[in-house]
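Trainee: Next comes the structure file final37.cif, holding mmCIF, C-alpha atoms.
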data_coords
loop_
_atom_site.label_atom_id
_atom_site.label_comp_id
_atom_site.auth_asym_id
_atom_site.auth_seq_id
_atom_site.Cartn_x
_atom_site.Cartn_y
_atom_site.Cartn_z
CA MET D 21 0.00 0.00 0.00
CA THR D 22 1.15 3.54 -0.73
CA HIS D 23 2.74 5.07 2.36
CA VAL D 24 2.25 8.82 2.97
CA HIS D 25 4.72 10.35 5.42
CA VAL D 26 3.29 13.52 6.98
CA ILE D 27 6.01 15.59 8.60
CA GLY D 28 4.45 17.80 11.28
CA GLY D 29 1.49 17.11 13.56
CA GLY D 30 -0.07 20.57 13.63
CA LEU D 31 -3.49 21.14 12.13
CA ALA D 32 -2.09 21.22 8.58
CA GLY D 33 -0.46 17.83 9.04
CA LEU D 34 -3.44 16.34 10.82
CA SER D 35 -5.74 17.65 8.10
CA ALA D 36 -3.64 15.98 5.40
CA ALA D 37 -3.47 12.74 7.39
CA VAL D 38 -7.23 12.66 8.02
CA GLU D 39 -7.86 13.34 4.34
CA LEU D 40 -5.69 10.44 3.25
CA THR D 41 -6.26 7.78 5.88
CA GLY D 42 -8.24 4.93 4.38
CA ARG D 43 -6.75 5.68 0.96
CA ALA D 44 -3.15 5.01 1.97
CA ARG D 45 -1.00 4.01 4.89
CA VAL D 46 -0.36 7.25 6.81
CA THR D 47 2.31 8.10 9.37
CA VAL D 48 2.51 11.48 11.10
CA TYR D 49 5.89 12.55 12.49
CA GLU D 50 5.55 15.16 15.25
CA ALA D 51 8.65 16.70 16.81
CA GLY D 52 6.96 17.54 20.10
CA PRO D 53 5.29 15.41 22.76
CA ALA D 54 1.79 16.20 21.47
CA CYS D 55 0.12 17.13 18.21
CA GLY D 56 -1.74 20.36 17.56
CA GLY D 57 1.06 22.88 17.13
CA ARG D 58 -0.23 26.30 18.18
CA ALA D 59 -3.80 25.01 18.52
CA ARG D 60 -3.71 22.75 21.55
CA SER D 61 -4.69 22.48 25.20
CA TYR D 62 -2.73 21.51 28.28
CA PHE D 63 -3.06 21.30 32.05
CA ASP D 64 -1.53 24.30 33.79
CA ARG D 65 -0.28 23.28 37.22
CA ALA D 66 -0.11 26.81 38.61
CA LEU D 67 -3.74 27.52 37.73
CA GLY D 68 -4.84 23.97 38.49
CA THR D 69 -6.93 23.74 35.34
CA ARG D 70 -6.75 22.93 31.66
CA ILE D 71 -6.26 25.87 29.28
CA ASP D 72 -5.71 26.49 25.58
CA ASN D 73 -2.37 27.89 24.51
CA GLY D 74 -4.38 30.46 22.55
CA ASN D 75 -7.94 31.47 21.76
CA HIS D 76 -9.39 31.01 18.28
CA LEU D 77 -12.73 32.43 17.14
CA LEU D 78 -14.10 30.55 14.15
CA LEU D 79 -16.85 31.59 11.75
CA SER D 80 -19.57 29.48 10.16
CA ALA D 81 -17.99 30.38 6.79
CA ASN D 82 -14.92 28.29 7.68
CA ASP D 83 -15.94 25.44 5.39
CA ALA D 84 -12.67 23.53 5.67
CA VAL D 85 -12.83 23.61 9.47
CA PHE D 86 -16.32 22.16 9.65
CA ARG D 87 -15.57 19.53 7.03
CA TYR D 88 -12.49 18.45 9.01
CA LEU D 89 -14.47 18.31 12.24
CA GLY D 90 -17.10 16.22 10.47
CA LEU D 91 -14.49 13.73 9.25
CA ILE D 92 -13.12 13.22 12.76
CA GLY D 93 -16.56 13.18 14.42
CA ALA D 94 -16.05 16.43 16.36
CA GLU D 95 -18.53 18.70 14.59
CA LYS D 96 -20.59 19.04 17.78
CA SER D 97 -17.62 20.02 19.93
CA LEU D 98 -17.95 23.75 19.19
CA LYS D 99 -20.29 26.22 20.84
CA GLY D 100 -21.57 29.65 19.95
CA PRO D 101 -24.70 31.81 19.92
CA GLY D 102 -25.95 30.28 16.67
CA LYS D 103 -26.44 33.69 15.08
CA PRO D 104 -24.19 36.51 13.85
CA VAL D 105 -23.91 38.44 17.11
CA PHE D 106 -20.76 40.11 18.45
CA PRO D 107 -20.75 42.02 21.76
CA TYR D 108 -18.15 44.78 22.09
CA PHE D 109 -16.89 47.20 24.68
CA ASP D 110 -15.11 50.48 23.91
CA LEU D 111 -12.82 51.25 26.85
CA GLU D 112 -12.12 54.84 25.75
CA ALA D 113 -15.81 55.70 25.48
CA ASP D 114 -16.89 53.38 28.32
CA LEU D 115 -19.52 52.09 25.89
CA ALA D 116 -20.96 48.60 25.53
CA TRP D 117 -22.63 47.71 22.25
CA THR D 118 -23.55 44.64 20.21
CA LEU D 119 -23.17 44.12 16.48
CA ARG D 120 -25.95 41.98 15.09
CA LEU D 121 -25.35 41.28 11.42
CA SER D 122 -28.18 40.82 8.94
CA ARG D 123 -28.71 37.18 8.06
CA GLY D 124 -28.47 37.75 4.30
CA ARG D 125 -25.96 39.55 2.10
CA ILE D 126 -27.69 42.92 2.10
CA PRO D 127 -26.15 44.86 5.03
CA PHE D 128 -29.36 46.04 6.69
CA TRP D 129 -27.38 46.07 9.95
CA ALA D 130 -25.49 49.14 8.70
CA LEU D 131 -28.62 51.26 8.20
CA PRO D 132 -29.73 53.81 10.80
CA GLY D 133 -31.83 52.03 13.39
CA GLY D 134 -30.02 48.75 12.80
CA ALA D 135 -27.76 46.99 15.29
CA ARG D 136 -24.73 48.68 13.79
CA VAL D 137 -21.47 50.13 15.06
CA PRO D 138 -22.26 53.19 17.20
CA GLY D 139 -21.29 56.43 15.49
CA MET D 140 -20.61 54.91 12.06
CA ARG D 141 -21.61 56.56 8.81
CA LEU D 142 -22.83 54.73 5.72
CA LYS D 143 -20.02 56.13 3.59
CA GLU D 144 -17.55 54.20 5.72
CA LEU D 145 -18.76 51.00 4.06
CA ARG D 146 -16.46 52.03 1.21
CA SER D 147 -13.72 50.49 3.32
CA LEU D 148 -15.14 47.01 2.68
CA PHE D 149 -15.24 47.53 -1.08
CA ALA D 150 -11.68 48.85 -1.01
CA LEU D 151 -10.54 45.72 0.83
CA LEU D 152 -12.32 43.45 -1.64
CA GLY D 153 -10.54 45.15 -4.53
CA ALA D 154 -7.13 45.52 -2.87
CA ARG D 155 -3.99 44.90 -4.91
CA ASP D 156 -0.95 42.93 -3.82
CA GLU D 157 0.94 45.85 -2.26
CA THR D 158 -2.01 47.60 -0.61
CA THR D 159 -2.08 47.79 3.18
CA VAL D 160 -5.20 47.70 5.32
CA ALA D 161 -4.66 51.31 6.43
CA ASN D 162 -4.81 52.39 2.76
CA CYS D 163 -8.35 51.02 2.50
CA LEU D 164 -9.98 52.23 5.70
CA VAL D 165 -12.21 55.30 5.69
CA PRO D 166 -11.65 57.17 8.98
CA GLY D 167 -14.57 56.85 11.36
CA MET D 168 -16.19 54.68 13.97
CA LEU D 169 -16.73 51.69 11.66
CA SER D 170 -12.99 51.47 11.17
CA ARG D 171 -12.00 52.24 14.75
CA ARG D 172 -14.59 50.06 16.47
CA LEU D 173 -14.87 47.15 14.04
CA LEU D 174 -12.64 46.97 10.98
CA GLU D 175 -9.33 47.82 12.67
CA PRO D 176 -9.73 45.31 15.53
CA PHE D 177 -11.07 42.75 13.05
CA ALA D 178 -8.03 43.27 10.82
CA VAL D 179 -5.55 42.94 13.68
CA SER D 180 -7.25 39.75 14.90
CA ALA D 181 -7.47 38.17 11.47
CA LEU D 182 -3.99 39.12 10.28
CA ASN D 183 -2.18 39.27 13.63
CA THR D 184 -0.48 42.30 12.08
CA ASP D 185 -1.07 46.04 12.49
CA CYS D 186 -3.16 47.87 9.91
CA GLY D 187 -0.27 50.06 8.80
CA THR D 188 1.67 47.10 7.41
CA GLY D 189 -0.97 44.36 7.14
CA SER D 190 -1.95 43.03 3.71
CA ALA D 191 -5.30 44.39 2.53
CA LYS D 192 -5.45 41.61 -0.06
CA LEU D 193 -5.32 38.91 2.62
CA LEU D 194 -7.91 40.69 4.75
CA GLY D 195 -10.05 41.19 1.65
CA ASN D 196 -10.00 37.44 1.08
CA VAL D 197 -11.25 36.92 4.64
CA VAL D 198 -14.05 39.46 4.08
CA ARG D 199 -14.92 37.86 0.72
CA GLN D 200 -15.30 34.45 2.33
CA SER D 201 -17.23 35.64 5.38
CA LEU D 202 -19.04 38.99 5.60
CA ALA D 203 -19.58 39.23 1.84
CA ARG D 204 -21.48 35.93 2.01
CA GLY D 205 -23.95 37.36 4.51
CA GLY D 206 -24.41 37.39 8.23
CA MET D 207 -25.15 33.69 8.54
CA ALA D 208 -21.65 33.01 7.24
CA CYS D 209 -20.33 34.98 10.22
CA CYS D 210 -21.83 33.10 13.14
CA PRO D 211 -19.03 32.79 15.73
CA TRP D 212 -17.93 29.43 17.11
CA TYR D 213 -15.23 28.26 19.50
CA PRO D 214 -14.35 24.98 21.25
CA GLU D 215 -16.72 24.15 24.09
CA LYS D 216 -13.97 22.38 26.05
CA GLY D 217 -10.63 23.09 24.44
CA LEU D 218 -8.65 23.19 21.20
CA SER D 219 -7.22 19.72 21.70
CA GLU D 220 -10.62 18.27 22.55
CA SER D 221 -12.04 19.67 19.30
CA PHE D 222 -9.22 19.57 16.76
CA VAL D 223 -6.46 17.26 17.96
CA ASP D 224 -7.60 14.38 20.17
CA PRO D 225 -10.47 13.29 17.87
CA ALA D 226 -8.13 13.44 14.85
CA VAL D 227 -5.48 11.29 16.53
CA ALA D 228 -8.19 8.83 17.63
CA HIS D 229 -9.60 8.75 14.09
CA LEU D 230 -6.16 8.01 12.64
CA SER D 231 -5.68 5.20 15.12
CA VAL D 232 -8.99 3.59 14.21
CA MET D 233 -8.06 3.88 10.52
CA GLN D 234 -4.70 2.16 11.15
CA GLY D 235 -2.72 5.39 10.86
CA GLU D 236 0.30 6.04 13.04
CA VAL D 237 1.43 9.12 14.97
CA ARG D 238 5.05 9.25 16.13
CA HIS D 239 5.97 11.84 18.75
CA GLY D 240 9.46 13.13 19.40
CA ALA D 241 10.20 12.57 15.70
CA ARG D 242 12.07 15.67 14.53
CA VAL D 243 13.03 15.66 10.84
CA SER D 244 16.57 16.93 10.27
CA GLY D 245 17.08 16.38 6.56
CA ILE D 246 15.88 14.74 3.36
CA GLU D 247 17.52 12.79 0.55
CA THR D 248 16.52 13.14 -3.08
CA ARG D 249 17.26 11.51 -6.41
CA GLY D 250 16.04 13.05 -9.63
CA ALA D 251 12.44 14.15 -9.21
CA ARG D 252 11.74 12.22 -6.03
CA VAL D 253 12.37 12.33 -2.30
CA THR D 254 13.96 9.01 -1.43
CA ALA D 255 14.50 9.25 2.34
CA PHE D 256 14.48 11.58 5.34
CA ALA D 257 16.30 11.61 8.66
CA LEU D 258 14.85 11.54 12.16
CA GLY D 259 18.07 12.21 14.02
CA ALA D 260 20.11 9.01 13.58
CA GLU D 261 17.15 7.12 12.11
CA ARG D 262 16.74 7.00 8.33
CA ILE D 263 13.24 6.58 6.88
CA VAL D 264 13.23 5.22 3.33
CA VAL D 265 10.57 6.65 1.00
CA GLY D 266 9.59 3.90 -1.41
CA PRO D 267 8.90 4.34 -5.13
CA GLU D 268 5.13 4.47 -4.50
CA ASP D 269 5.34 6.64 -1.39
CA TYR D 270 4.79 10.34 -0.75
CA VAL D 271 5.87 13.03 1.69
CA ILE D 272 3.82 15.99 2.91
CA PHE D 273 6.01 18.52 4.68
CA ALA D 274 3.70 20.21 7.18
CA ALA D 275 6.21 21.33 9.80
CA PRO D 276 6.58 25.09 10.54
CA GLY D 277 7.92 27.28 7.77
CA SER D 278 11.16 27.93 9.62
CA VAL D 279 11.81 24.18 9.77
CA ALA D 280 10.92 23.78 6.10
CA GLY D 281 13.37 26.52 5.20
CA GLY D 282 16.19 24.81 7.06
CA VAL D 283 15.50 21.34 5.69
CA LEU D 284 14.38 22.01 2.12
CA SER D 285 16.41 25.04 0.98
CA ALA D 286 19.30 22.86 -0.18
CA HIS D 287 16.97 20.86 -2.42
CA LEU D 288 14.64 23.57 -3.79
CA SER D 289 16.23 26.44 -5.69
CA ASN D 290 15.16 29.95 -4.65
CA PHE D 291 13.02 28.43 -1.91
CA GLN D 292 11.58 31.09 0.38
CA VAL D 293 9.39 31.01 3.46
CA PRO D 294 8.10 33.86 5.63
CA ASP D 295 10.89 35.15 7.86
CA ALA D 296 9.19 37.92 9.85
CA PHE D 297 6.84 37.03 12.67
CA GLU D 298 4.25 38.50 15.02
CA SER D 299 3.49 37.39 18.52
CA ILE D 300 0.24 36.80 20.42
CA ILE D 301 -0.38 37.23 24.14
CA ASN D 302 -2.96 35.13 25.94
CA VAL D 303 -3.73 35.70 29.62
CA HIS D 304 -5.85 33.21 31.55
CA PHE D 305 -7.40 34.42 34.83
CA ARG D 306 -8.63 31.65 37.17
CA LEU D 307 -11.52 32.99 39.27
CA PRO D 308 -12.44 31.56 42.69
CA SER D 309 -15.78 30.38 41.27
CA VAL D 310 -17.74 30.40 38.04
CA PRO D 311 -19.01 33.98 37.53
CA ASP D 312 -22.72 34.64 36.99
CA ILE D 313 -22.51 36.59 33.74
CA ARG D 314 -25.68 37.97 32.20
CA GLY D 315 -26.88 39.57 28.98
CA ARG D 316 -24.89 40.11 25.81
CA VAL D 317 -21.65 38.45 26.95
CA ALA D 318 -23.45 35.37 28.29
CA GLU D 319 -25.32 35.15 24.98
CA ALA D 320 -22.13 34.97 22.92
CA GLY D 321 -19.62 33.59 25.43
CA PHE D 322 -17.07 36.25 24.54
CA VAL D 323 -16.71 40.00 24.06
CA GLY D 324 -14.51 42.06 21.75
CA VAL D 325 -12.67 45.02 23.28
CA VAL D 326 -11.37 48.20 21.64
CA GLY D 327 -9.46 51.13 23.06
CA GLY D 328 -7.06 49.16 25.27
CA ILE D 329 -4.60 46.29 25.31
CA THR D 330 -7.26 43.58 25.60
CA GLU D 331 -8.86 42.50 22.32
CA TRP D 332 -11.03 39.48 23.17
CA VAL D 333 -12.28 38.06 26.44
CA PHE D 334 -13.60 34.49 26.39
CA VAL D 335 -15.69 33.15 29.28
CA LYS D 336 -14.69 29.54 29.94
CA GLY D 337 -16.26 28.45 33.22
CA ASP D 338 -14.17 29.91 36.00
CA VAL D 339 -11.48 31.08 33.58
CA LEU D 340 -11.56 34.43 31.80
CA SER D 341 -9.22 34.09 28.85
CA VAL D 342 -7.86 37.17 27.09
CA THR D 343 -6.23 37.43 23.67
CA VAL D 344 -3.98 40.25 22.45
CA SER D 345 -2.94 40.06 18.79
CA ALA D 346 -0.01 41.73 17.01
CA ALA D 347 1.75 41.76 20.39
CA ASN D 348 5.26 42.70 19.21
CA ARG D 349 4.31 46.27 20.15
CA TYR D 350 4.28 45.22 23.82
CA ALA D 351 7.65 43.44 23.75
CA ALA D 352 9.24 45.97 26.12
CA ARG D 353 6.48 45.65 28.73
CA ASP D 354 6.94 43.64 31.91
CA ASN D 355 4.70 40.56 32.09
CA GLU D 356 3.38 41.39 35.55
CA GLU D 357 2.59 44.93 34.43
CA LEU D 358 0.75 43.58 31.39
CA LYS D 359 -1.30 41.15 33.49
CA ALA D 360 -2.30 43.91 35.93
CA MET D 361 -3.30 46.30 33.13
CA ILE D 362 -5.28 43.62 31.32
CA TRP D 363 -7.05 42.57 34.51
CA ASN D 364 -8.18 46.15 35.11
CA GLU D 365 -9.58 46.23 31.58
CA VAL D 366 -11.32 42.88 32.07
CA ARG D 367 -12.96 44.21 35.26
CA ARG D 368 -14.33 47.18 33.33
CA VAL D 369 -15.63 44.99 30.52
CA ILE D 370 -16.95 41.95 32.38
CA GLY D 371 -17.69 43.43 35.80
CA PRO D 372 -20.85 45.34 34.76
CA VAL D 373 -22.46 42.18 33.32
CA THR D 374 -21.46 39.94 36.24
CA VAL D 375 -23.64 39.54 39.32
CA GLY D 376 -21.56 40.97 42.17
CA GLY D 377 -18.90 42.24 39.77
CA LEU D 378 -15.29 41.05 39.68
CA PRO D 379 -12.76 41.41 42.51
CA GLU D 380 -10.35 44.33 42.35
CA ALA D 381 -7.44 42.10 43.28
CA MET D 382 -6.11 40.14 40.32
CA PRO D 383 -6.78 36.38 40.67
CA MET D 384 -4.33 33.65 39.71
CA ALA D 385 -3.18 34.30 36.16
CA ARG D 386 -1.06 32.70 33.47
CA LEU D 387 0.39 34.83 30.65
CA VAL D 388 1.31 32.83 27.56
CA TRP D 389 3.38 34.76 25.03
CA GLU D 390 3.75 33.03 21.66
CA LYS D 391 6.73 34.96 20.28
CA ARG D 392 6.45 33.55 16.75
CA ALA D 393 2.73 32.87 16.68
CA THR D 394 2.25 33.68 12.99
CA PHE D 395 4.14 35.12 10.08
CA ALA D 396 3.70 38.89 9.75
CA ALA D 397 0.84 39.18 7.26
CA THR D 398 2.41 41.93 5.16
CA PRO D 399 2.51 42.08 1.36
CA ALA D 400 6.25 41.35 1.44
CA GLN D 401 5.85 38.27 3.62
CA ASP D 402 2.88 37.02 1.60
CA ARG D 403 5.14 36.97 -1.47
CA ARG D 404 7.51 34.62 0.37
CA ARG D 405 4.87 31.93 0.88
CA PRO D 406 5.49 28.89 -1.34
CA ASP D 407 2.83 26.90 -3.17
CA ALA D 408 1.95 23.37 -2.10
CA LYS D 409 3.52 21.93 -5.25
CA THR D 410 7.29 21.42 -5.41
CA ARG D 411 9.63 20.21 -8.14
CA PHE D 412 9.60 16.77 -6.54
CA GLU D 413 6.72 14.65 -7.77
CA ASN D 414 6.23 12.96 -4.40
CA LEU D 415 6.67 16.00 -2.11
CA ALA D 416 4.06 18.63 -1.27
CA LEU D 417 4.01 21.40 1.31
CA ALA D 418 1.31 22.20 3.86
CA GLY D 419 0.95 24.76 6.61
CA ASP D 420 -0.66 28.14 7.19
CA TRP D 421 2.66 29.62 5.97
CA THR D 422 2.10 28.21 2.48
CA GLN D 423 0.16 30.12 -0.16
CA THR D 424 -3.40 29.52 1.02
CA GLY D 425 -4.69 32.98 0.10
CA LEU D 426 -5.56 33.52 3.76
CA PRO D 427 -3.58 34.83 6.72
CA SER D 428 -2.26 32.45 9.36
CA THR D 429 -5.52 30.90 10.59
CA ILE D 430 -6.96 27.51 11.49
CA GLU D 431 -9.01 27.61 8.30
CA GLY D 432 -5.88 28.24 6.24
CA ALA D 433 -3.91 25.48 7.97
CA ILE D 434 -6.63 22.88 7.44
CA ARG D 435 -7.12 23.93 3.82
CA SER D 436 -3.42 23.56 3.19
CA GLY D 437 -3.42 19.94 4.31
CA VAL D 438 -6.22 19.10 1.91
CA ALA D 439 -4.49 21.07 -0.87
CA ALA D 440 -1.29 19.06 -0.36
CA ALA D 441 -3.20 15.80 -0.77
CA HIS D 442 -4.78 17.09 -3.98
CA THR D 443 -1.44 18.38 -5.28
CA LEU D 444 0.04 14.89 -5.05
CA GLY D 445 -2.97 13.45 -6.88
CA LEU D 446 -3.87 11.27 -3.90
CA VAL D 447 -7.46 12.57 -3.80
CA SER D 448 -9.60 13.87 -6.62
#
Before anything else, please render the file you have as structure tokens.

Mentor:
Amino acid sequence: MTHVHVIGGGLAGLSAAVELTGRARVTVYEAGPACGGRARSYFDRALGTRIDNGNHLLLSANDAVFRYLGLIGAEKSLKGPGKPVFPYFDLEADLAWTLRLSRGRIPFWALPGGARVPGMRLKELRSLFALLGARDETTVANCLVPGMLSRRLLEPFAVSALNTDCGTGSAKLLGNVVRQSLARGGMACCPWYPEKGLSESFVDPAVAHLSVMQGEVRHGARVSGIETRGARVTAFALGAERIVVGPEDYVIFAAPGSVAGGVLSAHLSNFQVPDAFESIINVHFRLPSVPDIRGRVAEAGFVGVVGGITEWVFVKGDVLSVTVSAANRYAARDNEELKAMIWNEVRRVIGPVTVGGLPEAMPMARLVWEKRATFAATPAQDRRRPDAKTRFENLALAGDWTQTGLPSTIEGAIRSGVAAAHTLGLVS
């Protein structure tokens, strides 16, 4: 039977493996002790609870995500309000508001009297059309019409989606996100997130599925080099171990771009991968008990924040989990200072909708700083992203760093795994 070697057990690698299991013998080689890459969960001993290494808000338009979850039997592991509703809080204006998108494509939500962004003007919708028509070198800032729609919605949306500031972020990449979500209507924008954790939704069911289908996952298997002859990869090295790639076998390289650059550059002429990165901060606050949260935040399970450091607050039982994107700008800040500032913002945002409010004293907290969370989604870095296809007939690339047309997202990672399988002609 054809043997497909999938190098990298992140979501791109798992997606490729899930796509191919049952059609071929599949082995996943993961360098770390667990699969999932940047989308995983773990038990934090200091907090005494299980947390995600980062928060990810998915949309109902993420077709590849929901197809993947269906294949591994985890489609019911996500939760959300079931409608396109997004609560927000503006710290500068001390204003709470809720965006409720129209269900269809016509943006009735933007009309006066609709559940729109407070203070916005209709002419600001030109920003969306500018993003949809953006050229390769255009930045997000070049497309945004000044006003409350940009400040309170489009700018924070751009930073979250691209994990890059608007001044340098690629408008083309953001336009692709808009085209595949908001432009399809409000029902394509229903928010979803894992009910328990990232691993429980995306990783554990995939590994279990592979096991049932006679696939194999090897942990602690770090690839250090490949061997080639003519138009084929013939072997690769796992430290001192040499894995032979047979004449009917294939390799999908789904490890991080930095690893791909180190291993493949000697075999692929002019091979480039993104080499500039942005970080993400996640802070998890463990409360003494599960807070009694009411109204708009309870309805959605999260709240977006503008005007401060905090960008998203997710309510996960007795844990309030905060995400801060494009966090390189805070690199000089002390971690304890950041936690204290973010907790004060969380109290202002969540306190008013919590029975009894939140304590002034900061509870137990864990700050997780992913220094190289994603590639910087700039036009220059987007040009460095390689296609799935390589000059080797039995080698394809996968990962959110490959040319998916999207920024570094779960949707992009999962799509890339499927694209690699198609590139090799292993699925039709």

Trainee: Please report, as lines of an AutoDock Vina configuration file, the centre and edge lengths in Å to one decimal of an axis-aligned box covering all listed atoms of region 311-316 of chain D with 8 Å per side.

Mentor:
center_x = -22.9
center_y = 37.0
center_z = 31.7
size_x = 23.9
size_y = 22.1
size_z = 27.7

Trainee: Can you list, as an MDAnalysis selection string, every protein, DNA or RNA residue that comes within 12 Å of Thr159 (chain D) when you count only C-alpha atoms, leaving out same-chain residues fewer than 2 positions away?

Mentor: chainID D and resid 147 150:151 153:157 161:164 175 178 182 184:195 397:400 402

Trainee: Restricting the calculation to only C-alpha atoms: of D:Ala320, D:Val137, D:Val279, D:Ile263, which residue gets closest to Ala116 (chain D)?

Mentor: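 Ranked by minimum distance to Ala116 (chain D), first place goes to D:Val137.
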
Trainee: Identify, on the basis of only C-alpha atoms, every residue whose closest approach to region 245-255 of chain D does not exceed 12 Å; exclude the query and any residue fewer than 3 positions from it along the same chain; express the result as an MDAnalysis selection string.

Mentor: chainID D and resid 24:25 27 242 258:273 279:288 410:416

Trainee: Could you expand the PyMOL selection byres ((chain D and resi 73) around 7) into the explicit residues it covers here, written as a list in words?

Mentor: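 Applying the PyMOL selection byres ((chain D and resi 73) around 7) to the structure shown produces Arg58, Ala59, Arg60, Ser61, Ile71, Asp72, Gly74 and Val388 of chain D.
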
Trainee: Could you name the residues that touch Pro372 (chain D) at 10 Å or less, counting all atoms listed in the file, but leaving out those on the same chain fewer than 5 positions away, as a PyMOL selection string?

Mentor: chain D and resi 116+313-314+367+377-378

Trainee: Taking (-22.2, 30.0, 15.4) in the file's own coordinates, collect the residues within 10 Å, counting all atoms listed in the file, and hand them back as a ChimeraX atom specification.

Mentor: /D:77-81,98-105,207-213,320

Trainee: Could you rebuild region 200-215 of chain D with N, CA and C atoms and give it back as a CSV table (one decimal), in the coordinates of the input?

Mentor:
chain,number,residue,atom,x,y,z
D,200,GLN,N,-14.9,35.8,2.0
D,200,GLN,CA,-15.3,34.4,2.3
D,200,GLN,C,-16.1,34.4,3.6
D,201,SER,N,-16.4,35.6,4.2
D,201,SER,CA,-17.2,35.6,5.4
D,201,SER,C,-18.3,36.7,5.3
D,202,LEU,N,-18.0,37.9,5.6
D,202,LEU,CA,-19.0,39.0,5.6
D,202,LEU,C,-19.7,39.2,4.3
D,203,ALA,N,-19.0,39.0,3.2
D,203,ALA,CA,-19.6,39.2,1.8
D,203,ALA,C,-20.6,38.1,1.5
D,204,ARG,N,-20.5,37.0,2.2
D,204,ARG,CA,-21.5,35.9,2.0
D,204,ARG,C,-22.7,36.1,2.9
D,205,GLY,N,-22.8,37.1,3.7
D,205,GLY,CA,-24.0,37.4,4.5
D,205,GLY,C,-23.7,37.0,6.0
D,206,GLY,N,-24.6,37.5,6.8
D,206,GLY,CA,-24.4,37.4,8.2
D,206,GLY,C,-24.4,36.0,8.7
D,207,MET,N,-25.1,35.1,8.1
D,207,MET,CA,-25.2,33.7,8.5
D,207,MET,C,-23.8,33.0,8.3
D,208,ALA,N,-23.0,33.6,7.4
D,208,ALA,CA,-21.6,33.0,7.2
D,208,ALA,C,-20.7,33.5,8.3
D,209,CYS,N,-21.2,34.4,9.2
D,209,CYS,CA,-20.3,35.0,10.2
D,209,CYS,C,-20.7,34.6,11.6
D,210,CYS,N,-21.5,33.5,11.8
D,210,CYS,CA,-21.8,33.1,13.1
D,210,CYS,C,-20.6,32.6,13.8
D,211,PRO,N,-20.3,33.2,15.0
D,211,PRO,CA,-19.0,32.8,15.7
D,211,PRO,C,-19.1,31.5,16.5
D,212,TRP,N,-18.0,30.7,16.4
D,212,TRP,CA,-17.9,29.4,17.1
D,212,TRP,C,-16.6,29.3,17.8
D,213,TYR,N,-16.5,28.5,18.8
D,213,TYR,CA,-15.2,28.3,19.5
D,213,TYR,C,-15.4,26.9,20.2
D,214,PRO,N,-14.3,26.3,20.6
D,214,PRO,CA,-14.4,25.0,21.2
D,214,PRO,C,-15.1,25.1,22.6
D,215,GLU,N,-16.0,24.2,22.8
D,215,GLU,CA,-16.7,24.2,24.1
D,215,GLU,C,-15.8,23.8,25.2
